[in-house]
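Below is one structure, written out as structure tokens; the observations come after it.
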Amino acid sequence: MNMLRIEGLTKVFGKSIRAVDSLSLSVKKGTMVGFLGPNGAGKTTTIKILTNLMAPTSGSAYIDGVDISRHPKEALASVGAVVETPEFYPFLTANETLMLLGRIRGMTASETRRRSRELLTLLGLGDRMNSKVGTFSKGMKQRLALVQAILHRPKLLILDEPTSGLDPRGMVEMREILRSLKDNGYTIFMSSHLLPEVQETCDYVAMIDSGRLLLHKSVDEISAMVNSSRIEIVLAETPSDVIMRRISVLNGVSDVQSASPLKLSIGYEGNAKDRDILLRELLASGLKVASFGPHGLALENVYMEMVKGSR
Amino acid sequence: MTSMTENGPIERIPMSDSAQVVIIARHELTKYIRGRRLYGVLLIVIVLALLLYGFVLPGSYGGPFAGSREEFLHVEPYSYEGYPGYQSIGFLGGPGIVPGTIEIAVNGSELPRSEWLYVENASVVLFKEDLSAPATVVRALYDFAISPDQFAGSFLDFLPVIVVICVTVAGADSLIGELQAKTAYLLFPNPVRRGIIFLGKLLGSGVVGLAAIGSFYAAIAAFSYVALGSVATHLSLSFGFAVLFLLACLAFALAVSSVSKGTTGAVILTFLLLLAIFPMLEEAGTAAGVKMWYLPTFAGDSALYALQFDYYPKDASGPGMASQFYPDLGLSAIVLASYFLLLTAIGMIVFKRRDLSF
């Protein structure tokens, strides 16, 4: 069952700028989808259409089966969103902001108060709930933006760069929260520039460039797609010349580079199964392996290839 | 910040449109209260009313608002066709003239009533003789009494200024302000129709305007009672027209706000159109003998003339005389209501279709 369905979505600015071009994709209920693309790819425009901030030139988008353009009120009842850098009313406190939004979304005053207190405390804003938002830092505003998005427990979360403006600790915590939300059955559609973040947290990845969908696959499928890559091996012991010679003639190995006495980088062609065989052969050849993994991220490799290919 | 204790998403039914209008309006009002705009507008109204009562009116009417006054008239030849048989015209300057008490003396001798005519709506005296010679001294003596209508009318001359200040301060930037400050990204992706946001803002701004003109009328009534012991008979009718004028101007301001690209432009355009350009068009039309009944500012003058409901002035226009036009009350009510409804509808449609590309 799809929570979000986009069909042939197109947005043309002026006469010729196609920000989104016949975009079609769907997001299954309870999954987390990373929406990737370079600057100007059409991510934010798509998100603006999905949140009724913009009307599409053609095509449709459905949230839980409801057409956003035709029935925005009904469609957005299922949505919690953070779009662009969040700005708040500076004259309202965090509690008042959440009360305004909670009431608009159909929450009772007592429910809104209870949820606000719970979420603000959870996101580290418990001691600022009665402070004017005008006094908040960018990171605090970003946290408040997430609080307001999940305040009414929506079925679909649409997040535009949710970790933007957060410090490293905040980013880790935000990822934890997103994972926890997904585990609780929320569907999350999230744009990001941070590929490790997407690879770590998302189930699926949709990549766009120049408004067109380049790829829409699960993170596992993307990892399996990577046949040609480099493998990084951290060693417990510096290998002898004999061992190095043995490694360089193993099946699939194109080159062996010694980055440091205890680190090797191996050029290797093969899928996940082949890499399993390679690891066994490395151990059999006498190499003392402390860690073994791809050099760089699978998603990063695919992203670079796809974006390069589309330009 | 640690792990979430979420219970999962739930199905939720958004609030009704009418309840959302009230919530948006309350939010808008909070903005005006905390931003001190409401207090600013009320302060302007109170200071203006006090200045008029304390300084301007006594200066114009001469301290106590009733008594006798002597005036030396400036007289010039009268050669128009409006009143045949009259040779010269003299201008009376004082307000509140009681027509039956006027006595005219020429070079110290009383001029019989059959020799002159007082034209009340123009406050002039026409003479059968030519008294325009510089050596001729024409003196008028009359009683004056400021009626509650005149008293209120002196205040209501400033009503357009108050209304325009209100809609400029609370209204002109309310829609474009959301876009420019990017708070629209917070408010709009919610289960609330854009039209409802528009109406909520209209209601919130309307309350500010209503508070301002309500205070102004309350001050007029209070001062009139203190100074004259009574209040203009049709002050409530006038207030009704003032509210209609406020609504028309507010819809105008919001329509401008919905199409504008920036708050400054919206504020300046609203202020200039309502306070300068429309009144200038009115003046030009009157000078050309054209009654511009369809302009909101002309129709808005009904709030002033409604005070004279029982003795409503008539239009004067024709060759050889300066035109004077007065708004027809029924027609003005229709014009103002039409502006309100039409501009609200246009503003809502434009606002609904507007993309957020800031």
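Every chain in the structure tokens takes a letter, A first, then B, and so on in the order presented; its residues are numbered from 1, and the ligands are numbered from 1 following the presented order.
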
Counting only C-alpha atoms, chain A residues within 7 Å of chain B, as a PyMOL selection string: chain A and resi 51-55+72-74+76-77+81+83+86-89+91+104-106+122-124+153-155+173+176-177+180-181+184-186

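Excluding range 233-244 of chain A and any residue on its chain fewer than 5 positions from it, the residues at most 6 Å away by only C-alpha atoms are Pro261, Leu262, Lys263, Leu264, Lys288, Val289, Ala290, Ser291 and Phe292 of chain A.
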
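Neighbours of range 217-232 of chain B closer than or equal to 8 Å, with only C-alpha atoms counted and sequence neighbours fewer than 6 positions away skipped, come out as B:Ile46, B:Ala49, B:Tyr53, B:Phe65, B:Ser147, B:Pro148, B:Asp149, B:Phe151, B:Ala152, B:Phe155, B:Phe239, B:Leu307.
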
Only all heavy atoms, please: the residues just picked out, written as a compact mmCIF listing (two decimals), in the first residue's frame.
# COMPACT_ATOMS: atom_id res chain seq x y z
N ILE B 46 -6.70 58.07 19.77
CA ILE B 46 -6.97 58.84 21.01
C ILE B 46 -6.32 60.22 20.94
O ILE B 46 -6.95 61.23 21.26
CB ILE B 46 -6.47 58.04 22.24
CG1 ILE B 46 -7.37 56.82 22.42
CG2 ILE B 46 -6.47 58.89 23.49
CD1 ILE B 46 -6.81 55.76 23.33
N ALA B 49 -8.29 62.41 18.52
CA ALA B 49 -9.58 62.84 19.10
C ALA B 49 -9.35 63.93 20.16
O ALA B 49 -10.08 64.93 20.19
CB ALA B 49 -10.30 61.64 19.71
N TYR B 53 -10.64 67.82 19.98
CA TYR B 53 -11.52 68.32 21.03
C TYR B 53 -10.87 69.47 21.81
O TYR B 53 -11.51 70.47 22.12
CB TYR B 53 -11.88 67.18 21.98
CG TYR B 53 -12.83 67.62 23.07
CD1 TYR B 53 -14.15 67.96 22.77
CD2 TYR B 53 -12.41 67.69 24.39
CE1 TYR B 53 -15.02 68.38 23.75
CE2 TYR B 53 -13.28 68.11 25.39
CZ TYR B 53 -14.58 68.45 25.07
OH TYR B 53 -15.44 68.87 26.05
N PHE B 65 -19.32 76.45 22.25
CA PHE B 65 -19.80 76.06 20.94
C PHE B 65 -21.12 76.74 20.55
O PHE B 65 -21.82 76.27 19.68
CB PHE B 65 -19.90 74.54 20.87
CG PHE B 65 -18.56 73.89 21.05
CD1 PHE B 65 -18.25 73.17 22.19
CD2 PHE B 65 -17.58 74.02 20.07
CE1 PHE B 65 -17.01 72.58 22.35
CE2 PHE B 65 -16.33 73.45 20.23
CZ PHE B 65 -16.04 72.73 21.37
N SER B 147 -24.17 72.38 16.16
CA SER B 147 -25.09 71.26 16.40
C SER B 147 -24.27 69.99 16.64
O SER B 147 -23.10 69.92 16.23
CB SER B 147 -25.99 71.07 15.18
OG SER B 147 -25.22 70.57 14.11
N PRO B 148 -24.84 68.99 17.27
CA PRO B 148 -24.12 67.72 17.45
C PRO B 148 -23.66 67.13 16.12
O PRO B 148 -22.61 66.49 16.04
CB PRO B 148 -25.15 66.82 18.13
CG PRO B 148 -26.07 67.75 18.83
CD PRO B 148 -26.14 68.97 17.95
N ASP B 149 -24.44 67.37 15.06
CA ASP B 149 -24.06 66.85 13.73
C ASP B 149 -22.77 67.52 13.25
O ASP B 149 -21.86 66.87 12.73
CB ASP B 149 -25.17 67.12 12.71
CG ASP B 149 -26.40 66.29 12.99
OD1 ASP B 149 -26.33 65.42 13.89
OD2 ASP B 149 -27.43 66.52 12.33
N PHE B 151 -20.61 69.03 15.11
CA PHE B 151 -19.54 68.65 16.03
C PHE B 151 -18.94 67.29 15.60
O PHE B 151 -17.73 67.16 15.42
CB PHE B 151 -20.12 68.55 17.45
CG PHE B 151 -19.11 68.26 18.51
CD1 PHE B 151 -18.38 69.29 19.11
CD2 PHE B 151 -18.88 66.96 18.93
CE1 PHE B 151 -17.45 69.02 20.10
CE2 PHE B 151 -17.95 66.69 19.91
CZ PHE B 151 -17.23 67.71 20.50
N ALA B 152 -19.82 66.33 15.39
CA ALA B 152 -19.35 64.99 14.99
C ALA B 152 -18.70 65.05 13.62
O ALA B 152 -17.68 64.39 13.37
CB ALA B 152 -20.51 64.00 14.99
N PHE B 155 -15.07 65.87 13.49
CA PHE B 155 -14.20 64.73 13.79
C PHE B 155 -14.11 63.78 12.60
O PHE B 155 -13.05 63.28 12.24
CB PHE B 155 -14.76 63.93 14.99
CG PHE B 155 -14.50 64.56 16.33
CD1 PHE B 155 -15.33 65.54 16.83
CD2 PHE B 155 -13.41 64.15 17.09
CE1 PHE B 155 -15.09 66.11 18.07
CE2 PHE B 155 -13.16 64.72 18.33
CZ PHE B 155 -14.01 65.70 18.82
N PHE B 239 -21.66 55.29 11.88
CA PHE B 239 -20.74 54.22 12.29
C PHE B 239 -20.90 52.99 11.36
O PHE B 239 -19.92 52.36 10.97
CB PHE B 239 -21.01 53.83 13.74
CG PHE B 239 -20.10 52.75 14.25
CD1 PHE B 239 -18.74 53.00 14.43
CD2 PHE B 239 -20.57 51.48 14.53
CE1 PHE B 239 -17.88 52.00 14.89
CE2 PHE B 239 -19.73 50.47 14.98
CZ PHE B 239 -18.38 50.74 15.16
N LEU B 307 -24.71 61.76 8.87
CA LEU B 307 -25.11 62.59 10.02
C LEU B 307 -26.24 63.53 9.62
O LEU B 307 -27.06 63.92 10.43
CB LEU B 307 -23.91 63.41 10.51
CG LEU B 307 -22.72 62.63 11.09
CD1 LEU B 307 -21.55 63.58 11.33
CD2 LEU B 307 -23.11 61.95 12.39

Near Glu161 in chain A, counting only C-alpha atoms, which residues have an atom at most 10 Å away, once you skip same-chain residues fewer than 6 positions from it, shown as a compact mmCIF listing (two decimals) with N, CA and C atoms, in the first residue's frame?
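Saved file selection-v3.txt follows:
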# COMPACT_ATOMS: atom_id res chain seq x y z
N PHE A 35 15.42 11.28 -0.55
CA PHE A 35 15.19 11.95 -1.83
C PHE A 35 16.45 12.76 -2.13
N THR A 44 13.37 20.45 -3.74
CA THR A 44 12.54 21.35 -2.93
C THR A 44 11.25 21.70 -3.67
N VAL A 82 8.51 19.60 7.23
CA VAL A 82 9.51 20.65 7.47
C VAL A 82 10.02 21.03 6.09
N VAL A 83 9.72 22.26 5.68
CA VAL A 83 10.11 22.70 4.34
C VAL A 83 11.11 23.85 4.44
N GLU A 84 12.20 23.70 3.71
CA GLU A 84 13.29 24.70 3.72
C GLU A 84 13.74 24.99 5.15
N THR A 85 14.49 26.06 5.31
CA THR A 85 14.93 26.44 6.65
C THR A 85 13.72 26.95 7.42
N GLN A 142 15.47 24.16 14.30
CA GLN A 142 15.39 22.93 13.51
C GLN A 142 14.72 21.82 14.33
N MET A 190 12.26 12.07 2.81
CA MET A 190 13.23 13.05 3.31
C MET A 190 14.26 13.43 2.25
N SER A 191 14.40 14.70 2.01
CA SER A 191 15.45 15.12 1.08
C SER A 191 16.72 15.37 1.89
N SER A 192 17.85 15.09 1.29
CA SER A 192 19.10 15.32 2.01
C SER A 192 20.26 15.41 1.03
N HIS A 193 21.29 16.11 1.48
CA HIS A 193 22.54 16.14 0.73
C HIS A 193 23.52 15.17 1.34
N LEU A 194 23.20 14.68 2.54
CA LEU A 194 24.14 13.86 3.29
C LEU A 194 23.94 12.38 2.96

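Across the structure, CA of Tyr305 in chain B and CA of Ala287 in chain B are spaced 20.0 Å apart.
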
Residues of range 156-237 of chain B in helix (DSSP H, G or I), written as a PyMOL selection string: chain B and resi 156+159-169+174-180+184-187+194-228+235-237

Those of range 10-210 of chain B in DSSP strand (DSSP E), formatted as a ChimeraX atom specification: /B:66-72,74-77,88-91,103-106,109-110,116-119,124-127,138-145
